[in-house]
Amino acid sequence: MASNNRIQTLAAHVLQPGPSKSSGASEMGRQRYGDAEWELRCKLAMAYRVSNHYGWDQLVFNHITAKVPGSEKLKGGPHFLINPFGLRFDEITASCLLKVDIDGNVVDSGTNMGPLLKQGFVVHSSVHAVRKDCHVVWHNHHFDTTACSITKFGLLPLSQEAIVLLRQDVKYHPFEGSATDLGERERIAKSLGPTSKVLILLNHGPVTAGATVEEAFLYMYLVTLASTWQARALAAVGGDLSKMNIPDDELLKAASERLKFEDLGKDSSATYNEAEAAWNGIARLMESKFGAENIYC
């Protein structure tokens with residue numbers, strides 16, 4: 001208990017990364033966008049740096065999007081933040097992010113660092129349009145997860161990470177080529193369904209969603225890690241599933257009951273949140289690696 005209390009104290013008072021309220025860039029950002037949007041911009045810029053760190057980026061392609069708080073009340077809203085096309089993920093800053101509507105029309109061009117890759121917004125807008133509980137959508141072409149999406153058996157219950165995800169009901173969407181057809185949006189939304197937050201686009205890559213950046217990040221972290229364990233295990237046995245230790249149904253049921261994602265991060269006194277703790281940990285590393293002043297600007 002003493003150890004838990006110490007962790008709580010650190011998390012509450014020391015380990016929270018974020019833009020300095022006294023920095024000039026931060027003040028200008030707050031004046032232009034307001035506190036809520038600026039804080040989201042800073043967190044989303046950090047998300048792009050995190051993706052770069054884990055190898056979840058692909059040159060200047062792929063996206064992470066987030067709904068601007070309160071924008072659904074505005075004319076033409078809701079609005080979403082997304083990266084300008086042409087920048088690498090390790091070049092994204094809070095102020096360069098574009099603000100667009102659900103149809104991909106640019107409402108605010110940030111610092112004019114690039115246009116919207118409109119066809120890249122198809123996957124994200126399909127989720128944002130129907131899942132009002134999911135304010136953040138994260139998509140990439142991670143090597144191992146994309147490789148997993150190419151196989152007939154998909155994600156297998158081989159690791160703790162996979163079991164957590166499978167308990168949450170991972171969904172799949174059939175391959176339709178590059179996801180650039182606006183007509184595919186309705187089908188992607190249908191594949192994801194009303195409750196799942198992890199969608200694997202077959203022969204394409206993973207999509208995760210969440211109410212917060214932290215939640216979408218943790219789902220992406222879990223699905224990519226689970227896919228890496230699976231890819232390495234399959235390579236070790238030459239792709240022969242009969243040589244794999246795959247838990248039986250009884251063990252899977254017991255394990256999934258112990259690994260309830262909605263309960264992760266809560267001890268007997270319900271004092272902490274695992275998604276937030278994981279996010280704060282990687283965000284501190286990114287601030288150290290890139291410099292907070294180069295992200296929250």
# chains A, B, ... in the order shown; residues from 1 in each chain; ligands from 1
>>> select_by_dssp(residues="region 20-64 of chain A", states="strand (DSSP E or B)", output="PyMOL selection string")
chain A and resi 58+61+63-64
>>> write_last_selection(atoms="N, CA, C and O atoms", output="mmCIF file, in the first residue's frame")
data_model
loop_
_atom_site.group_PDB
_atom_site.id
_atom_site.type_symbol
_atom_site.label_atom_id
_atom_site.label_comp_id
_atom_site.auth_asym_id
_atom_site.auth_seq_id
_atom_site.Cartn_x
_atom_site.Cartn_y
_atom_site.Cartn_z
ATOM 1 N N GLN A 58 5.113 5.731 -41.482
ATOM 2 C CA GLN A 58 5.548 5.283 -42.811
ATOM 3 C C GLN A 58 5.840 6.520 -43.652
ATOM 4 O O GLN A 58 4.951 7.057 -44.308
ATOM 5 N N PHE A 61 3.135 9.199 -44.481
ATOM 6 C CA PHE A 61 1.774 8.674 -44.570
ATOM 7 C C PHE A 61 1.240 8.248 -43.201
ATOM 8 O O PHE A 61 1.972 8.225 -42.221
ATOM 9 N N HIS A 63 -2.130 8.467 -40.229
ATOM 10 C CA HIS A 63 -2.675 9.591 -39.463
ATOM 11 C C HIS A 63 -3.117 9.176 -38.065
ATOM 12 O O HIS A 63 -3.404 7.998 -37.818
ATOM 13 N N ILE A 64 -3.175 10.158 -37.197
ATOM 14 C CA ILE A 64 -3.849 10.051 -35.905
ATOM 15 C C ILE A 64 -4.755 11.272 -35.842
ATOM 16 O O ILE A 64 -4.305 12.391 -36.097
#
>>> residues_around(residues="region 71-88 of chain A", least_positions_apart="3", cutoff="8 Å", atoms="only C-alpha atoms", output="MDAnalysis selection string")
chainID A and resid 41 59:61 63:68 91:92 96:102 107 113:117
>>> closest_residue(among="A:Lys190, A:Arg185, A:Lys197, A:Arg258", to="Val170 (chain A)", atoms="only C-alpha atoms")
A:Lys197
>>> select_by_dssp(residues="region 48-189 of chain A", states="helix (DSSP H, G or I)", output="MDAnalysis selection string")
chainID A and resid 48:54 71:73 89:91 118:130 143:150 160:167 182:189
>>> closest_residue(among="A:Tyr172, A:Phe217, A:Trp138, A:Phe153", to="Ser196 (chain A)", atoms="only C-alpha atoms")
A:Tyr172
>>> closest_residue(among="A:Phe143, A:Trp229, A:Tyr296, A:Phe175", to="Ala283 (chain A)", atoms="only C-alpha atoms")
A:Tyr296
>>> residues_around(residues="Gln119 (chain A)", least_positions_apart="2", cutoff="10 Å", atoms="only C-alpha atoms", output="ChimeraX atom specification")
/A:104,116-117,121-123,178-182
>>> residues_around(residues="region 131-135 of chain A", least_positions_apart="6", cutoff="8 Å", atoms="only C-alpha atoms", output="list in words")
Ala66, Lys67, Pro194, Ala209, Gly210, Ala211 and Thr212 of chain A
>>> write_last_selection(atoms="all heavy atoms", output="PDB file, in the first residue's frame")
ATOM      1  N   ALA A  66      -8.089  13.533 -33.864  1.00  0.00           N
ATOM      2  CA  ALA A  66      -8.775  13.771 -32.595  1.00  0.00           C
ATOM      3  C   ALA A  66      -9.844  14.842 -32.778  1.00  0.00           C
ATOM      4  O   ALA A  66      -9.625  15.849 -33.461  1.00  0.00           O
ATOM      5  CB  ALA A  66      -7.777  14.216 -31.524  1.00  0.00           C
ATOM      6  N   LYS A  67     -10.998  14.617 -32.185  1.00  0.00           N
ATOM      7  CA  LYS A  67     -12.097  15.585 -32.262  1.00  0.00           C
ATOM      8  C   LYS A  67     -11.817  16.759 -31.330  1.00  0.00           C
ATOM      9  O   LYS A  67     -11.434  16.578 -30.171  1.00  0.00           O
ATOM     10  CB  LYS A  67     -13.426  14.941 -31.868  1.00  0.00           C
ATOM     11  CG  LYS A  67     -14.630  15.878 -32.053  1.00  0.00           C
ATOM     12  CD  LYS A  67     -15.929  15.182 -31.718  1.00  0.00           C
ATOM     13  CE  LYS A  67     -16.194  15.145 -30.232  1.00  0.00           C
ATOM     14  NZ  LYS A  67     -16.463  16.503 -29.676  1.00  0.00           N
ATOM     15  N   PRO A 194     -20.618  -1.096 -32.844  1.00  0.00           N
ATOM     16  CA  PRO A 194     -20.958  -0.050 -31.872  1.00  0.00           C
ATOM     17  C   PRO A 194     -20.109  -0.032 -30.607  1.00  0.00           C
ATOM     18  O   PRO A 194     -20.171   0.927 -29.852  1.00  0.00           O
ATOM     19  CB  PRO A 194     -22.417  -0.376 -31.530  1.00  0.00           C
ATOM     20  CG  PRO A 194     -22.487  -1.868 -31.656  1.00  0.00           C
ATOM     21  CD  PRO A 194     -21.602  -2.210 -32.820  1.00  0.00           C
ATOM     22  N   ALA A 209      -9.249   3.046 -31.532  1.00  0.00           N
ATOM     23  CA  ALA A 209     -10.033   4.235 -31.204  1.00  0.00           C
ATOM     24  C   ALA A 209     -10.196   4.329 -29.696  1.00  0.00           C
ATOM     25  O   ALA A 209     -10.051   3.335 -28.978  1.00  0.00           O
ATOM     26  CB  ALA A 209     -11.401   4.168 -31.886  1.00  0.00           C
ATOM     27  N   GLY A 210     -10.485   5.519 -29.225  1.00  0.00           N
ATOM     28  CA  GLY A 210     -10.674   5.695 -27.795  1.00  0.00           C
ATOM     29  C   GLY A 210     -11.311   7.032 -27.480  1.00  0.00           C
ATOM     30  O   GLY A 210     -11.349   7.938 -28.323  1.00  0.00           O
ATOM     31  N   ALA A 211     -11.784   7.147 -26.265  1.00  0.00           N
ATOM     32  CA  ALA A 211     -12.348   8.417 -25.819  1.00  0.00           C
ATOM     33  C   ALA A 211     -11.253   9.452 -25.638  1.00  0.00           C
ATOM     34  O   ALA A 211     -11.504  10.656 -25.700  1.00  0.00           O
ATOM     35  CB  ALA A 211     -13.108   8.213 -24.516  1.00  0.00           C
ATOM     36  N   THR A 212     -10.017   8.967 -25.428  1.00  0.00           N
ATOM     37  CA  THR A 212      -8.873   9.852 -25.198  1.00  0.00           C
ATOM     38  C   THR A 212      -7.687   9.384 -26.020  1.00  0.00           C
ATOM     39  O   THR A 212      -7.657   8.251 -26.512  1.00  0.00           O
ATOM     40  CB  THR A 212      -8.467   9.850 -23.714  1.00  0.00           C
ATOM     41  OG1 THR A 212      -8.045   8.521 -23.356  1.00  0.00           O
ATOM     42  CG2 THR A 212      -9.623  10.281 -22.821  1.00  0.00           C
TER      43      THR A 212
END
>>> closest_residue(among="A:Ala36, A:Val136, A:Met28, A:Leu218", to="Asn280 (chain A)", atoms="only C-alpha atoms")
A:Leu218
>>> atom_distance(atom1="CA of Glu215 (chain A)", atom2="CA of Leu44 (chain A)")
12.5 Å
>>> decode(residues="region 96-122 of chain A", atoms="C-alpha atoms", output="PDB file, in the first residue's frame")
ATOM      1  CA  CYS A  96       1.105  22.767 -37.445  1.00  0.00           C
ATOM      2  CA  LEU A  97      -1.897  20.441 -37.130  1.00  0.00           C
ATOM      3  CA  LEU A  98      -4.765  20.986 -39.543  1.00  0.00           C
ATOM      4  CA  LYS A  99      -8.346  21.352 -38.381  1.00  0.00           C
ATOM      5  CA  VAL A 100     -10.910  19.774 -40.702  1.00  0.00           C
ATOM      6  CA  ASP A 101     -14.605  18.943 -40.780  1.00  0.00           C
ATOM      7  CA  ILE A 102     -16.045  15.446 -41.164  1.00  0.00           C
ATOM      8  CA  ASP A 103     -15.869  15.709 -44.964  1.00  0.00           C
ATOM      9  CA  GLY A 104     -12.212  16.707 -44.934  1.00  0.00           C
ATOM     10  CA  ASN A 105     -12.657  20.399 -45.629  1.00  0.00           C
ATOM     11  CA  VAL A 106      -9.849  22.390 -43.983  1.00  0.00           C
ATOM     12  CA  VAL A 107     -11.196  24.810 -41.364  1.00  0.00           C
ATOM     13  CA  ASP A 108      -7.798  25.941 -40.029  1.00  0.00           C
ATOM     14  CA  SER A 109      -4.480  25.301 -41.785  1.00  0.00           C
ATOM     15  CA  GLY A 110      -2.313  25.683 -38.683  1.00  0.00           C
ATOM     16  CA  THR A 111       1.102  27.001 -39.728  1.00  0.00           C
ATOM     17  CA  ASN A 112       0.537  26.147 -43.404  1.00  0.00           C
ATOM     18  CA  MET A 113       3.018  23.273 -43.393  1.00  0.00           C
ATOM     19  CA  GLY A 114       1.082  21.162 -45.868  1.00  0.00           C
ATOM     20  CA  PRO A 115      -2.347  20.194 -47.234  1.00  0.00           C
ATOM     21  CA  LEU A 116      -4.713  17.474 -46.060  1.00  0.00           C
ATOM     22  CA  LEU A 117      -4.197  14.088 -47.688  1.00  0.00           C
ATOM     23  CA  LYS A 118      -7.949  13.797 -48.085  1.00  0.00           C
ATOM     24  CA  GLN A 119      -8.027  10.157 -49.115  1.00  0.00           C
ATOM     25  CA  GLY A 120      -6.080   9.338 -45.942  1.00  0.00           C
ATOM     26  CA  PHE A 121      -8.929  10.748 -43.860  1.00  0.00           C
ATOM     27  CA  VAL A 122     -11.385   8.123 -45.139  1.00  0.00           C
TER      28      VAL A 122
END
